[in-house]
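File shown: model04.pdb. Contents: PDB, C-alpha atoms.
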```
ATOM      1  CA  MET S  25      13.948  41.578   7.588
ATOM      2  CA  ASN S  26      16.030  38.447   7.953
ATOM      3  CA  SER S  27      14.460  35.363   9.477
ATOM      4  CA  GLN S  28      16.241  32.361  10.939
ATOM      5  CA  LEU S  29      14.802  28.862  11.134
ATOM      6  CA  VAL S  30      15.183  27.179  14.500
ATOM      7  CA  ALA S  31      15.403  23.380  14.589
ATOM      8  CA  MET S  32      12.898  22.016  17.102
ATOM      9  CA  SER S  33      11.490  18.612  18.003
ATOM     10  CA  ILE S  34       8.968  17.323  20.530
ATOM     11  CA  ASP S  35       8.450  13.833  21.896
ATOM     12  CA  LEU S  36       6.296  12.021  24.435
ATOM     13  CA  LYS S  37       7.690   9.362  26.741
ATOM     14  CA  LEU S  38       5.341   7.425  29.032
ATOM     15  CA  SER S  39       6.413   5.971  32.365
ATOM     16  CA  ARG S  40       5.640   2.382  31.322
ATOM     17  CA  PHE S  41       7.386   0.761  28.394
ATOM     18  CA  ASP S  42       4.284  -1.328  27.521
ATOM     19  CA  ARG S  43       2.054   1.801  27.696
ATOM     20  CA  ILE S  44      -0.668  -0.184  29.540
ATOM     21  CA  TYR S  45      -2.752   1.759  32.079
ATOM     22  CA  ARG S  46      -6.012   1.264  33.964
ATOM     23  CA  PRO S  47      -8.737   3.954  34.122
ATOM     24  CA  SER S  48      -8.264   4.582  37.858
ATOM     25  CA  GLU S  49      -4.495   4.972  37.487
ATOM     26  CA  ALA S  50      -2.476   8.056  36.659
ATOM     27  CA  LEU S  51      -0.965   8.229  33.201
ATOM     28  CA  GLU S  52       2.520   9.531  33.857
ATOM     29  CA  GLY S  53       5.355  10.524  31.597
ATOM     30  CA  LYS S  54       7.302  13.472  30.317
ATOM     31  CA  ILE S  55       7.320  15.876  27.390
ATOM     32  CA  ILE S  56      10.740  16.187  25.772
ATOM     33  CA  ILE S  57      11.413  19.358  23.769
ATOM     34  CA  LYS S  58      14.673  19.937  21.923
ATOM     35  CA  THR S  59      15.479  23.315  20.391
ATOM     36  CA  GLN S  60      18.644  25.076  19.255
ATOM     37  CA  SER S  61      17.644  28.374  20.830
ATOM     38  CA  SER S  62      15.087  29.599  23.321
ATOM     39  CA  ILE S  63      11.515  29.975  22.062
ATOM     40  CA  SER S  64       8.371  31.656  23.350
ATOM     41  CA  HIS S  65       5.033  29.846  23.578
ATOM     42  CA  TYR S  66       1.442  30.483  24.587
ATOM     43  CA  GLY S  67       0.951  27.363  26.638
ATOM     44  CA  ILE S  68       1.698  23.627  26.650
ATOM     45  CA  ARG S  69      -1.381  21.391  26.756
ATOM     46  CA  LEU S  70      -2.098  17.674  26.862
ATOM     47  CA  THR S  71      -5.246  16.265  25.227
ATOM     48  CA  PHE S  72      -6.502  12.784  26.060
ATOM     49  CA  LYS S  73      -8.991  11.171  23.694
ATOM     50  CA  GLY S  74     -10.596   7.754  23.576
ATOM     51  CA  SER S  75     -13.315   6.519  21.253
ATOM     52  CA  VAL S  76     -15.018   3.499  19.729
ATOM     53  CA  ASN S  77     -14.796   3.643  15.935
ATOM     54  CA  MET S  78     -16.994   1.395  13.803
ATOM     55  CA  GLN S  79     -16.553   0.680  10.099
ATOM     56  CA  VAL S  80     -19.602  -0.272   8.047
ATOM     57  CA  ARG S  81     -19.177  -3.378   5.906
ATOM     58  CA  GLY S  82     -21.873  -4.987   3.790
ATOM     59  CA  GLY S  83     -25.511  -4.423   4.678
ATOM     60  CA  SER S  84     -25.096  -4.111   8.423
ATOM     61  CA  ALA S  85     -26.133  -0.447   8.608
ATOM     62  CA  GLY S  86     -28.705   1.984   7.338
ATOM     63  CA  VAL S  87     -28.720   3.915   4.074
ATOM     64  CA  VAL S  88     -27.003   7.043   5.436
ATOM     65  CA  GLU S  89     -24.219   5.112   7.170
ATOM     66  CA  SER S  90     -23.661   2.975   4.081
ATOM     67  CA  LEU S  91     -23.080   6.065   1.942
ATOM     68  CA  TYR S  92     -20.258   7.254   4.156
ATOM     69  CA  GLY S  93     -18.984   3.831   5.242
ATOM     70  CA  VAL S  94     -18.329   4.983   8.822
ATOM     71  CA  ILE S  95     -20.650   5.225  11.815
ATOM     72  CA  LYS S  96     -20.257   8.186  14.150
ATOM     73  CA  PRO S  97     -17.596   7.382  16.786
ATOM     74  CA  ILE S  98     -18.642   6.806  20.375
ATOM     75  CA  PRO S  99     -16.621   9.107  22.687
ATOM     76  CA  ILE S 100     -15.068   7.586  25.804
ATOM     77  CA  LEU S 101     -12.529  10.181  26.905
ATOM     78  CA  ASN S 102     -12.028  13.814  25.874
ATOM     79  CA  ARG S 103     -10.030  16.016  28.209
ATOM     80  CA  THR S 104      -7.476  18.808  27.863
ATOM     81  CA  THR S 105      -5.007  19.682  30.621
ATOM     82  CA  GLU S 106      -2.657  22.650  30.691
ATOM     83  CA  VAL S 107       0.831  21.558  31.657
ATOM     84  CA  LYS S 108       2.516  24.959  31.492
ATOM     85  CA  PRO S 109       1.167  28.495  30.962
ATOM     86  CA  SER S 110       2.650  30.970  28.526
ATOM     87  CA  GLY S 111       6.379  31.421  28.801
ATOM     88  CA  LYS S 112       9.724  30.500  27.284
ATOM     89  CA  ILE S 113      11.544  27.248  26.638
ATOM     90  CA  ALA S 114      15.317  27.412  27.043
ATOM     91  CA  SER S 115      17.675  26.122  24.370
ATOM     92  CA  GLY S 116      18.800  22.536  24.563
ATOM     93  CA  THR S 117      16.690  19.670  25.908
ATOM     94  CA  THR S 118      13.748  20.412  28.203
ATOM     95  CA  GLU S 119      11.858  17.641  30.006
ATOM     96  CA  ILE S 120       8.426  18.445  31.455
ATOM     97  CA  PRO S 121       6.874  15.722  33.666
ATOM     98  CA  PHE S 122       3.125  15.171  33.840
ATOM     99  CA  SER S 123       0.673  12.971  35.730
ATOM    100  CA  VAL S 124      -3.043  12.798  34.875
ATOM    101  CA  THR S 125      -5.647  10.368  36.230
ATOM    102  CA  LEU S 126      -7.664   8.973  33.338
ATOM    103  CA  ARG S 127     -11.022   8.483  35.067
ATOM    104  CA  GLN S 128     -12.396  11.476  36.945
ATOM    105  CA  GLN S 129     -15.665  11.813  38.789
ATOM    106  CA  GLY S 130     -18.435  13.742  37.098
ATOM    107  CA  GLU S 131     -17.574  12.770  33.523
ATOM    108  CA  ASN S 132     -20.717  11.667  31.693
ATOM    109  CA  LEU S 133     -19.114   9.618  28.941
ATOM    110  CA  GLU S 134     -19.013   5.932  28.034
ATOM    111  CA  LYS S 135     -17.258   3.390  30.236
ATOM    112  CA  PHE S 136     -13.589   2.690  29.567
ATOM    113  CA  TYR S 137     -13.590  -0.259  27.190
ATOM    114  CA  GLU S 138     -10.308  -2.068  26.686
ATOM    115  CA  THR S 139      -8.104  -1.172  23.737
ATOM    116  CA  PHE S 140      -8.951  -3.236  20.659
ATOM    117  CA  HIS S 141      -7.908  -3.027  17.002
ATOM    118  CA  GLY S 142     -10.357  -4.998  14.864
ATOM    119  CA  ALA S 143     -11.437  -4.979  11.241
ATOM    120  CA  ASN S 144     -14.898  -3.510  11.929
ATOM    121  CA  ILE S 145     -14.421  -2.007  15.398
ATOM    122  CA  SER S 146     -11.446  -0.265  16.964
ATOM    123  CA  ILE S 147     -11.170   1.117  20.493
ATOM    124  CA  GLN S 148      -8.265   3.528  20.725
ATOM    125  CA  TYR S 149      -6.839   5.951  23.296
ATOM    126  CA  LEU S 150      -4.489   8.780  22.313
ATOM    127  CA  VAL S 151      -2.542  11.457  24.160
ATOM    128  CA  THR S 152      -1.469  14.578  22.241
ATOM    129  CA  VAL S 153       0.843  17.360  23.379
ATOM    130  CA  ASP S 154       0.551  20.803  21.768
ATOM    131  CA  VAL S 155       2.930  23.736  22.189
ATOM    132  CA  THR S 156       1.103  26.802  20.874
ATOM    133  CA  ARG S 157       3.421  29.445  19.399
ATOM    134  CA  GLY S 158       1.140  31.976  17.818
ATOM    135  CA  TYR S 159       0.223  32.941  14.270
ATOM    136  CA  LEU S 160       3.698  33.606  12.850
ATOM    137  CA  HIS S 161       5.398  30.526  14.279
ATOM    138  CA  LYS S 162       4.927  26.834  13.721
ATOM    139  CA  SER S 163       3.382  25.061  16.697
ATOM    140  CA  LEU S 164       4.823  21.813  18.035
ATOM    141  CA  SER S 165       2.646  18.720  18.347
ATOM    142  CA  THR S 166       2.966  14.955  18.655
ATOM    143  CA  THR S 167       0.582  12.089  19.442
ATOM    144  CA  MET S 168       1.076   8.692  21.083
ATOM    145  CA  GLU S 169      -1.298   5.784  21.662
ATOM    146  CA  PHE S 170      -1.589   4.230  25.109
ATOM    147  CA  ILE S 171      -3.278   0.944  25.999
ATOM    148  CA  VAL S 172      -6.203   0.734  28.432
ATOM    149  CA  GLU S 173      -7.105  -2.408  30.381
ATOM    150  CA  SER S 174      -9.891  -2.962  32.909
ATOM    151  CA  ASP S 175      -9.556  -1.773  36.490
ATOM    152  CA  LYS S 176      -8.591  -4.454  38.973
ATOM    153  CA  ALA S 177     -11.850  -3.844  40.846
ATOM    154  CA  ASP S 178     -13.796  -4.824  37.722
ATOM    155  CA  LEU S 179     -11.918  -8.076  37.136
ATOM    156  CA  LEU S 180     -13.253 -11.490  38.052
ATOM    157  CA  GLN S 181     -12.029 -12.825  41.366
ATOM    158  CA  ARG S 182     -11.365 -16.285  40.012
ATOM    159  CA  PRO S 183     -11.049 -17.880  36.580
ATOM    160  CA  ILE S 184     -14.198 -19.121  34.873
ATOM    161  CA  PRO S 185     -14.433 -22.923  35.153
ATOM    162  CA  PRO S 186     -13.860 -24.723  31.855
ATOM    163  CA  GLU S 187     -16.914 -25.749  29.879
ATOM    164  CA  MET S 188     -17.089 -28.830  27.690
ATOM    165  CA  VAL S 189     -18.565 -28.300  24.248
ATOM    166  CA  ILE S 190     -19.658 -31.318  22.215
ATOM    167  CA  PHE S 191     -20.089 -30.690  18.514
ATOM    168  CA  TYR S 192     -20.483 -32.657  15.299
ATOM    169  CA  ILE S 193     -19.217 -31.982  11.804
ATOM    170  CA  THR S 194     -21.740 -33.608   9.487
ATOM    171  CA  GLN S 195     -23.128 -33.049   6.003
ATOM    172  CA  ASP S 196     -25.947 -30.966   7.495
ATOM    173  CA  THR S 197     -23.532 -28.539   9.165
ATOM    174  CA  GLN S 198     -21.596 -27.704   5.998
ATOM    175  CA  ARG S 199     -22.367 -25.063   3.390
ATOM    176  CA  HIS S 200     -21.175 -27.296   0.565
ATOM    177  CA  SER S 201     -21.402 -30.951  -0.298
ATOM    178  CA  LEU S 202     -18.726 -33.127   1.225
ATOM    179  CA  LEU S 203     -16.648 -35.450  -0.905
ATOM    180  CA  PRO S 204     -18.547 -38.434  -2.356
ATOM    181  CA  GLU S 205     -16.209 -40.878  -0.626
ATOM    182  CA  LEU S 206     -17.164 -39.331   2.749
ATOM    183  CA  LYS S 207     -20.912 -39.798   2.289
ATOM    184  CA  SER S 208     -20.832 -43.520   2.921
ATOM    185  CA  GLY S 209     -21.802 -43.030   6.544
ATOM    186  CA  VAL S 210     -22.348 -40.484   9.293
ATOM    187  CA  LEU S 211     -19.308 -38.261   9.540
ATOM    188  CA  PHE S 212     -18.474 -36.694  12.872
ATOM    189  CA  PHE S 213     -15.289 -35.663  14.729
ATOM    190  CA  TYR S 214     -14.161 -34.765  18.156
ATOM    191  CA  LEU S 215     -11.059 -32.551  18.580
ATOM    192  CA  ARG S 216      -8.118 -34.885  19.303
ATOM    193  CA  ILE S 217      -4.931 -33.410  20.739
ATOM    194  CA  ALA S 218      -3.252 -36.618  21.873
ATOM    195  CA  ASP S 219      -2.403 -40.015  20.392
ATOM    196  CA  GLY S 220      -1.674 -43.402  21.875
ATOM    197  CA  ASN S 221      -2.841 -44.807  25.175
ATOM    198  CA  VAL S 222      -3.951 -41.622  26.927
ATOM    199  CA  CYS S 223      -4.668 -41.873  30.646
ATOM    200  CA  HIS S 224      -8.325 -41.588  31.616
ATOM    201  CA  ASN S 225      -9.549 -38.460  33.423
ATOM    202  CA  LEU S 226      -6.443 -36.584  32.344
ATOM    203  CA  THR S 227      -6.816 -32.883  31.594
ATOM    204  CA  ILE S 228      -4.716 -31.851  28.616
ATOM    205  CA  PRO S 229      -4.316 -28.061  28.508
ATOM    206  CA  ILE S 230      -4.163 -26.064  25.292
ATOM    207  CA  TYR S 231      -2.149 -22.854  25.447
ATOM    208  CA  VAL S 232      -2.612 -20.129  22.864
ATOM    209  CA  ILE S 233      -0.949 -16.712  22.976
ATOM    210  CA  LEU S 234      -3.484 -14.131  21.822
ATOM    211  CA  PRO S 235      -2.228 -10.851  20.296
ATOM    212  CA  ARG S 236      -2.959  -8.083  22.793
ATOM    213  CA  LEU S 237      -4.172  -5.390  20.381
ATOM    214  CA  LEU S 238      -6.242  -7.840  18.305
ATOM    215  CA  THR S 239      -8.143  -9.269  21.284
ATOM    216  CA  CYS S 240      -9.943  -7.953  24.342
ATOM    217  CA  PRO S 241     -12.558  -9.252  26.802
ATOM    218  CA  THR S 242     -15.828 -10.214  25.142
ATOM    219  CA  THR S 243     -17.962  -7.071  25.166
ATOM    220  CA  PHE S 244     -21.723  -6.593  24.857
ATOM    221  CA  ALA S 245     -22.512  -2.878  24.760
ATOM    222  CA  GLY S 246     -25.622  -1.101  23.525
ATOM    223  CA  PRO S 247     -24.501   0.057  20.063
ATOM    224  CA  PHE S 248     -21.844  -2.607  19.476
ATOM    225  CA  SER S 249     -20.491  -5.956  20.605
ATOM    226  CA  ILE S 250     -17.117  -7.702  20.342
ATOM    227  CA  GLU S 251     -17.255 -11.483  20.144
ATOM    228  CA  PHE S 252     -14.751 -14.166  19.224
ATOM    229  CA  LYS S 253     -14.949 -17.627  17.683
ATOM    230  CA  VAL S 254     -12.740 -20.663  17.251
ATOM    231  CA  ALA S 255     -12.775 -22.232  13.796
ATOM    232  CA  ILE S 256     -11.925 -25.914  13.425
ATOM    233  CA  VAL S 257     -11.004 -26.772   9.845
ATOM    234  CA  ILE S 258     -10.390 -30.324   8.660
ATOM    235  CA  SER S 259      -8.663 -30.896   5.338
ATOM    236  CA  PHE S 260      -9.211 -34.191   3.508
ATOM    237  CA  GLN S 261      -7.068 -35.756   0.840
ATOM    238  CA  SER S 262      -9.015 -36.761  -2.240
ATOM    239  CA  GLU S 263      -8.480 -37.598  -5.874
ATOM    240  CA  LEU S 264     -10.746 -34.661  -6.716
ATOM    241  CA  SER S 265      -8.417 -32.240  -4.948
ATOM    242  CA  GLN S 266      -5.582 -33.236  -7.261
ATOM    243  CA  LEU S 267      -7.517 -32.001 -10.303
ATOM    244  CA  HIS S 268      -7.663 -28.376  -9.135
ATOM    245  CA  LYS S 269      -5.277 -25.858  -7.720
ATOM    246  CA  LYS S 270      -6.213 -24.703  -4.231
ATOM    247  CA  THR S 271      -5.052 -21.178  -5.113
ATOM    248  CA  ASP S 272      -7.803 -20.943  -7.737
ATOM    249  CA  SER S 273     -10.725 -19.019  -6.172
ATOM    250  CA  ARG S 274     -13.155 -20.797  -8.532
ATOM    251  CA  THR S 275     -12.215 -24.202  -7.172
ATOM    252  CA  PRO S 276     -14.922 -25.629  -4.883
ATOM    253  CA  GLU S 277     -13.579 -26.503  -1.442
ATOM    254  CA  LEU S 278     -15.104 -29.955  -1.386
ATOM    255  CA  TRP S 279     -12.279 -31.400   0.695
ATOM    256  CA  LEU S 280     -12.740 -29.056   3.647
ATOM    257  CA  ALA S 281     -15.027 -29.425   6.658
ATOM    258  CA  MET S 282     -15.329 -26.617   9.186
ATOM    259  CA  GLU S 283     -17.087 -25.831  12.438
ATOM    260  CA  THR S 284     -16.983 -22.604  14.465
ATOM    261  CA  LEU S 285     -17.469 -22.437  18.215
ATOM    262  CA  PRO S 286     -18.035 -19.320  20.353
ATOM    263  CA  LEU S 287     -15.079 -18.232  22.473
ATOM    264  CA  GLU S 288     -15.583 -15.978  25.483
ATOM    265  CA  LEU S 289     -12.524 -13.967  26.539
ATOM    266  CA  VAL S 290     -12.310 -12.628  30.099
ATOM    267  CA  ARG S 291      -9.637 -10.937  32.179
ATOM    268  CA  THR S 292      -9.100 -12.173  35.704
ATOM    269  CA  LYS S 293      -6.970 -11.076  38.643
TER     270      LYS S 293
END
```
Any chance you could put this one into structure tokens?
Amino acid sequence: MNSQLVAMSIDLKLSRFDRIYRPSEALEGKIIIKTQSSISHYGIRLTFKGSVNMQVRGGSAGVVESLYGVIKPIPILNRTTEVKPSGKIASGTTEIPFSVTLRQQGENLEKFYETFHGANISIQYLVTVDVTRGYLHKSLSTTMEFIVESDKADLLQRPIPPEMVIFYITQDTQRHSLLPELKSGVLFFYLRIADGNVCHNLTIPIYVILPRLLTCPTTFAGPFSIEFKVAIVISFQSELSQLHKKTDSRTPELWLAMETLPLELVRTK
């Protein structure tokens, strides 16, 4: 019996180029199937999955979790929808549209946390399309990540007013001894972002573009939390620093002073 291989490909294309959706919105797009000849299938299904994945580092978990290095994921979304029942796909290019609302009533899963890709915690949402073809034929499948942000109803109505934080960088706040030439008196700094004769009562804004996938609103959940900090590092010039190479890991960082401050991230309307 002669058999002939049929070239096939499958792709997912979402309706939004940035792939950002809110839980109450419909995730829309189309399935694109290309084949040289018509094929039979036993159904085309979409699977939506979202989960919080935590990686164990150091001694932050119990004995069992430390052995495996990964804590059991927390499910957020797990749903399968049939797009087409059993049938045939004609040769050429076939586009199958779909529209599925992410949040549905009656689902007893976790709340929709925003997408986040961190070193210890990642929150990820995936959509997978499967074309089942039976035992003797290779099934078609592809997966794409989409980004979830908070519903507009859950956002703050107005921005949080700015809060002034006064801090000191002194010998007592450092984990190492400061340079001998800096110990002659009390050492403290305020963050200065302007020089010269600055007008009084003038607000000087600081704008920072935060990477979308590496940041999200500050989150305090039961089994995990996502918090952010701002690190202020001051480098001093010293004769001691000229005796060592900064690339040498054994070199003590005696010419550095650092302070970290908590940073709360929120999303507003």
Between CA of Ser115 in chain S and CA of Thr71 in chain S - distance in Å to one decimal: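 Rounded to one decimal, the two atoms are 25.0 Å apart.
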Distance criterion (only C-alpha atoms): nearest to Ile113 in chain S out of S:Ile256, S:Ile230, S:Met32, S:Ala143: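 The closest residue to Ile113 in chain S is S:Met32.
Here CA of Leu237 in chain S stands at a distance of 21.9 Å from CA of Ala177 in chain S.
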Result set of the PyMOL selection byres ((chain S and resi 247-255) around 10) on the coordinates above, as a list in words: Val76, Met78, Ile98, Phe140, Gly142, Asn144, Ile145, Ser146, Thr239, Cys240, Pro241, Thr242, Thr243, Phe244, Ala245, Gly246, Ile256, Val257, Ile258, Met282, Glu283, Thr284, Leu285, Pro286, Leu287, Glu288 and Leu289 of chain S
Given the selection you just returned, output its residues as a file containing C-alpha atoms, formatted as a compact mmCIF listing (two decimals), in the coordinates of the input.
```txt
# COMPACT_ATOMS: atom_id res chain seq x y z
CA VAL S 76 -15.02 3.50 19.73
CA MET S 78 -16.99 1.40 13.80
CA ILE S 98 -18.64 6.81 20.38
CA PHE S 140 -8.95 -3.24 20.66
CA GLY S 142 -10.36 -5.00 14.86
CA ASN S 144 -14.90 -3.51 11.93
CA ILE S 145 -14.42 -2.01 15.40
CA SER S 146 -11.45 -0.26 16.96
CA THR S 239 -8.14 -9.27 21.28
CA CYS S 240 -9.94 -7.95 24.34
CA PRO S 241 -12.56 -9.25 26.80
CA THR S 242 -15.83 -10.21 25.14
CA THR S 243 -17.96 -7.07 25.17
CA PHE S 244 -21.72 -6.59 24.86
CA ALA S 245 -22.51 -2.88 24.76
CA GLY S 246 -25.62 -1.10 23.52
CA ILE S 256 -11.92 -25.91 13.42
CA VAL S 257 -11.00 -26.77 9.85
CA ILE S 258 -10.39 -30.32 8.66
CA MET S 282 -15.33 -26.62 9.19
CA GLU S 283 -17.09 -25.83 12.44
CA THR S 284 -16.98 -22.60 14.46
CA LEU S 285 -17.47 -22.44 18.22
CA PRO S 286 -18.04 -19.32 20.35
CA LEU S 287 -15.08 -18.23 22.47
CA GLU S 288 -15.58 -15.98 25.48
CA LEU S 289 -12.52 -13.97 26.54
```
Pull the closest atom pair for each residue of range 143-163 of chain S that gets at most 6 Å from range 61-69 of chain S, along with the distance in Å to one decimal, counting only C-alpha atoms, ordering rows by chain and then ascending residue number, as JSON lines.
```
{"residue": "S:Val153", "atom": "CA", "partner": "S:Arg69", "partner_atom": "CA", "distance": 5.7}
{"residue": "S:Asp154", "atom": "CA", "partner": "S:Arg69", "partner_atom": "CA", "distance": 5.4}
{"residue": "S:Val155", "atom": "CA", "partner": "S:Ile68", "partner_atom": "CA", "distance": 4.6}
{"residue": "S:Thr156", "atom": "CA", "partner": "S:Tyr66", "partner_atom": "CA", "distance": 5.2}
{"residue": "S:Arg157", "atom": "CA", "partner": "S:His65", "partner_atom": "CA", "distance": 4.5}
```
Reference answer for the PyMOL selection byres ((chain S and resi 117) around 7), as a list of chain:residue names: S:Ile56, S:Ile57, S:Lys58, S:Thr59, S:Ser115, S:Gly116, S:Thr118, S:Glu119
Axis-aligned box over every listed atom of range 157-161 of chain S, padded by 5 Å per side: centre and edges in Å to one decimal, as AutoDock Vina command-line options?
```
--center_x 2.8 --center_y 31.5 --center_z 16.1 --size_x 15.2 --size_y 14.2 --size_z 16.5
```
With range 38-49 of chain S as the partner and 10 Å as the cut-off, tabulate the residues of range 147-198 of chain S that qualify, each row holding the nearest pair of atoms and their distance in Å to one decimal, using all atoms listed in the file, sorted by chain and rising number, as a tab-separated table.
```
residue	atom	partner	partner_atom	distance
S:Met168	CA	S:Leu38	CA	9.1
S:Glu169	CA	S:Arg43	CA	8.0
S:Phe170	CA	S:Arg43	CA	5.1
S:Ile171	CA	S:Ile44	CA	4.5
S:Val172	CA	S:Tyr45	CA	5.1
S:Glu173	CA	S:Arg46	CA	5.2
S:Ser174	CA	S:Arg46	CA	5.8
S:Asp175	CA	S:Arg46	CA	5.3
S:Lys176	CA	S:Arg46	CA	8.0
S:Ala177	CA	S:Ser48	CA	9.6
```
Residue selection dump (C-alpha atoms) as a compact mmCIF listing (two decimals), in the coordinates of the input:
```txt
# COMPACT_ATOMS: atom_id res chain seq x y z
CA MET S 168 1.08 8.69 21.08
CA GLU S 169 -1.30 5.78 21.66
CA PHE S 170 -1.59 4.23 25.11
CA ILE S 171 -3.28 0.94 26.00
CA VAL S 172 -6.20 0.73 28.43
CA GLU S 173 -7.10 -2.41 30.38
CA SER S 174 -9.89 -2.96 32.91
CA ASP S 175 -9.56 -1.77 36.49
CA LYS S 176 -8.59 -4.45 38.97
CA ALA S 177 -11.85 -3.84 40.85
```
Interatomic distance, CA of Thr105 in chain S to CA of Ser75 in chain S (Å, one decimal):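 Those two atoms sit 18.2 Å apart.
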Using only C-alpha atoms: which of S:Ser163, S:Leu51, S:Gln79, S:Lys73 has the shortest distance to Ile34 in chain S: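 Nearest to Ile34 in chain S: S:Ser163.
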Residue with smallest distance to Ala114 in chain S - pool S:Thr152, S:Thr166, S:Gln60, S:Lys293, counting only C-alpha atoms: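 Going through S:Thr152, S:Thr166, S:Gln60, S:Lys293 one by one, the smallest distance to Ala114 in chain S is for S:Gln60.
Considering the residues S:Cys223, S:Pro185, S:Leu179, S:Tyr231 and counting all atoms listed in the file, Arg291 in chain S has its shortest atom-to-atom contact with S:Leu179.
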Which of S:Tyr159, S:Gly74, S:Lys37, S:Lys54 sits closest to Lys135 in chain S [using only C-alpha atoms]: S:Gly74
Is it possible to add N, CA and C atoms to range 225-238 of chain S and hand it back as a compact mmCIF listing (two decimals), in the frame of the given file?
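And here is the file that came out, rebuild_36.txt:
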```txt
# COMPACT_ATOMS: atom_id res chain seq x y z
N ASN S 225 -9.35 -39.59 32.51
CA ASN S 225 -9.55 -38.46 33.42
C ASN S 225 -8.32 -37.55 33.50
N LEU S 226 -7.62 -37.45 32.41
CA LEU S 226 -6.44 -36.58 32.34
C LEU S 226 -6.80 -35.31 31.60
N THR S 227 -6.56 -34.17 32.22
CA THR S 227 -6.82 -32.88 31.59
C THR S 227 -5.60 -32.47 30.78
N ILE S 228 -5.80 -32.25 29.51
CA ILE S 228 -4.72 -31.85 28.62
C ILE S 228 -4.93 -30.39 28.25
N PRO S 229 -4.11 -29.49 28.78
CA PRO S 229 -4.32 -28.06 28.51
C PRO S 229 -3.88 -27.67 27.10
N ILE S 230 -4.53 -26.66 26.58
CA ILE S 230 -4.16 -26.06 25.29
C ILE S 230 -3.81 -24.61 25.56
N TYR S 231 -2.60 -24.21 25.21
CA TYR S 231 -2.15 -22.85 25.45
C TYR S 231 -2.03 -22.12 24.12
N VAL S 232 -2.67 -20.97 24.06
CA VAL S 232 -2.61 -20.13 22.86
C VAL S 232 -2.29 -18.71 23.30
N ILE S 233 -1.30 -18.10 22.69
CA ILE S 233 -0.95 -16.71 22.98
C ILE S 233 -1.75 -15.82 22.04
N LEU S 234 -2.63 -15.01 22.61
CA LEU S 234 -3.48 -14.13 21.82
C LEU S 234 -2.83 -12.77 21.68
N PRO S 235 -2.81 -12.20 20.47
CA PRO S 235 -2.23 -10.85 20.30
C PRO S 235 -3.00 -9.83 21.10
N ARG S 236 -2.30 -9.00 21.87
CA ARG S 236 -2.96 -8.08 22.79
C ARG S 236 -3.86 -7.08 22.07
N LEU S 237 -3.38 -6.44 21.02
CA LEU S 237 -4.17 -5.39 20.38
C LEU S 237 -5.29 -5.95 19.52
N LEU S 238 -5.22 -7.24 19.16
CA LEU S 238 -6.24 -7.84 18.30
C LEU S 238 -7.29 -8.59 19.11
```
